[in-house]
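Visitor: Quick one, final.txt (compact mmCIF, C-alpha atoms):
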# COMPACT_ATOMS: atom_id res chain seq x y z
CA LYS A 146 -15.93 5.70 17.83
CA ARG A 147 -13.68 2.92 16.60
CA LYS A 148 -12.61 0.22 19.02
CA ASN A 149 -9.52 -0.90 17.17
CA PHE A 150 -7.93 2.50 16.53
CA LEU A 151 -4.97 2.20 18.90
CA PRO A 152 -3.82 -1.34 17.92
CA THR A 153 -4.11 -0.41 14.25
CA LEU A 154 -2.11 2.76 14.80
CA ILE A 155 0.60 0.87 16.68
CA LEU A 156 0.80 -1.76 13.94
CA ALA A 157 1.01 0.92 11.25
CA ILE A 158 3.88 2.62 13.08
CA ILE A 159 5.67 -0.72 13.50
CA PHE A 160 5.30 -1.58 9.80
CA TRP A 161 6.55 1.87 8.75
CA ALA A 162 9.54 1.53 11.09
CA ILE A 163 10.45 -1.94 9.79
CA TRP A 164 10.01 -0.76 6.20
CA GLY A 165 12.26 2.24 6.86
CA TRP A 166 14.88 -0.01 8.44
CA LEU A 167 14.69 -2.32 5.39
CA VAL A 168 15.10 0.57 2.94
CA TYR A 169 18.04 2.00 4.84
CA PHE A 170 20.01 -1.14 5.72
CA VAL A 171 19.17 -3.91 3.20
CA PRO A 172 20.45 -3.62 -0.38
CA PRO A 173 17.91 -4.64 -3.06
CA VAL A 174 20.01 -7.39 -4.60
CA SER A 175 17.86 -10.45 -4.00
CA ASP A 176 14.28 -11.37 -4.74
CA SER A 177 13.52 -11.93 -1.07
CA SER A 178 14.46 -8.34 -0.21
CA LEU A 179 12.06 -7.07 -2.89
CA ILE A 180 9.29 -9.32 -1.58
CA PHE A 181 9.86 -8.01 1.95
CA PHE A 182 9.97 -4.45 0.62
CA TYR A 183 6.64 -4.73 -1.17
CA SER A 184 4.89 -6.73 1.55
CA LEU A 185 5.96 -4.38 4.35
CA LEU A 186 5.00 -1.37 2.26
CA PHE A 187 1.63 -2.95 1.46
CA PHE A 188 0.77 -3.51 5.11
CA ALA A 189 2.04 -0.07 6.13
CA VAL A 190 0.05 1.73 3.43
CA PHE A 191 -3.01 -0.45 4.06
CA LEU A 192 -3.12 0.24 7.78
CA THR A 193 -2.35 3.93 7.40
CA SER A 194 -4.93 4.55 4.68
CA ALA A 195 -7.51 2.45 6.53
CA LEU A 196 -7.02 4.73 9.51
CA ILE A 197 -7.20 7.87 7.38
CA PHE A 198 -10.30 6.84 5.44
CA ALA A 199 -11.87 4.95 8.39
CA ASN A 200 -12.68 2.25 5.86
CA SER A 201 -10.62 -0.89 5.35
CA LYS A 202 -11.92 -1.48 1.80
CA LEU A 203 -10.64 1.90 0.66
CA GLY A 204 -7.42 1.23 2.54
CA LEU A 205 -7.00 -2.04 0.68
CA LEU A 206 -7.64 -0.37 -2.68
CA THR A 207 -5.14 2.38 -1.87
CA ALA A 208 -2.48 -0.13 -0.86
CA ILE A 209 -2.97 -2.26 -3.97
CA PHE A 210 -2.91 0.85 -6.18
CA THR A 211 0.35 2.00 -4.57
CA ILE A 212 2.00 -1.40 -4.99
CA MET A 213 0.82 -1.73 -8.58
CA THR A 214 2.23 1.68 -9.54
CA LEU A 215 5.56 0.76 -7.93
CA VAL A 216 5.63 -2.56 -9.78
CA PHE A 217 4.97 -0.70 -13.04
CA GLN A 218 7.83 1.62 -12.12
CA GLN A 219 10.13 -1.32 -11.41
CA PHE A 220 9.42 -2.97 -14.76
CA LYS A 221 9.70 0.40 -16.55
CA THR A 222 6.16 0.23 -17.92
CA ASN A 223 5.00 3.36 -16.16
CA ASN A 224 3.52 5.86 -18.54
CA LEU A 225 0.55 8.16 -18.50
CA LEU A 226 -1.75 5.67 -20.23
CA ASN A 227 -1.04 2.82 -17.81
CA PHE A 228 -1.37 5.15 -14.83
CA GLY A 229 -4.66 6.51 -16.16
CA ILE A 230 -6.09 3.04 -16.74
CA LEU A 231 -4.97 1.88 -13.30
CA ALA A 232 -6.40 5.00 -11.66
CA ALA A 233 -9.70 4.59 -13.51
CA ILE A 234 -9.97 0.96 -12.39
CA PHE A 235 -9.31 1.80 -8.76
CA ILE A 236 -11.57 4.86 -8.74
CA THR A 237 -14.35 2.72 -10.19
CA LEU A 238 -13.75 0.03 -7.55
CA GLY A 239 -13.69 2.70 -4.85
CA LEU A 240 -17.04 4.05 -5.99
CA TYR A 241 -18.43 0.54 -6.15
CA PHE A 242 -17.38 -0.26 -2.56
CA ARG A 243 -18.40 3.14 -1.21
CA LYS A 244 -20.91 3.27 1.58
CA ASP A 245 -24.17 4.97 0.67
Output the structure of this file as structure tokens.
Guide:
Amino acid sequence: KRKNFLPTLILAIIFWAIWGWLVYFVPPVSDSSLIFFYSLLFFAVFLTSALIFANSKLGLLTAIFTIMTLVFQQFKTNNLLNFGILAAIFITLGLYFRKD
């Protein structure tokens, strides 16, 4: 059905491979390595979830949710309340952007 399935799949595999290489070989000592880590992970999760859901809006919401939870984890502000509020916001946005 979808015309752009194969290029999106190839890009997703490339982003996951680069992200895996970055995690394995680059130590997280500088700000630029963290920016590359989060940006590569964002694009990998976005493309993968857009393929799974067959909807790029839900893929975008999933990628932003994943990055936000990891940022909360990095700053040690991850607790059940913050996760619940973040999940409620993204579930509400997902229902808002859902196709009828």
Visitor: Using all atoms listed in the file for the distances, tell me which of A:Ser184, A:Thr153, A:Thr193, A:Ser201 is nearest to A:Gly239.
Guide: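 Ranked by minimum distance to A:Gly239, first place goes to A:Ser201.
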Visitor: Provide the atom CA of A:Lys202 to atom CA of A:Ile236 distance in Å, to one decimal place.
Guide: 12.3 Å
Visitor: A:Leu196: which residues within 10 Å, counting all atoms listed in the file, same-chain residues fewer than 2 positions away excluded, as an NGL selection string?
Guide: :A and (147 or 149-151 or 153-154 or 157 or 190-194 or 198-201 or 203-204)
Visitor: Taking all atoms listed in the file into account, which of A:Ile197, A:Ala189, A:Ala232, A:Leu206 comes nearest A:Phe160?
Guide: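 Nearest candidate to A:Phe160 out of A:Ile197, A:Ala189, A:Ala232, A:Leu206: A:Ala189.
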Visitor: Just checking: using only C-alpha atoms, which residue out of A:Ala233, A:Leu167, A:Leu238, A:Ala162 ends up closest to A:Leu205?
Guide: A:Leu238
Visitor: In Å, how far is it from atom CA of A:Phe220 to atom CA of A:Ile180?
Guide: 14.6 Å
Visitor: With only C-alpha atoms as the basis for distance, which of A:Phe182, A:Trp161, A:Phe170, A:Phe235 is at the shortest distance from A:Ile209?
Guide: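 Of the candidates, the smallest distance to A:Ile209 is held by A:Phe235.
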Visitor: Between atom CA of A:Ile163 and atom CA of A:Leu185, what distance in Å does the model show, to one decimal?
Guide: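 Rounded to one decimal, the two atoms are 7.5 Å apart.
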Visitor: Find the residue from A:Phe181, A:Trp166, A:Tyr241, A:Phe228 that sits nearest to A:Thr211; use all atoms listed in the file when measuring.
Guide: A:Phe228
Visitor: Could you check the closest approach to A:Leu156 for each of A:Phe242, A:Asn227, A:Thr222, A:Ala195 and tell me which residue wins, using all atoms listed in the file?
Guide: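 Ranked by minimum distance to A:Leu156, first place goes to A:Ala195.
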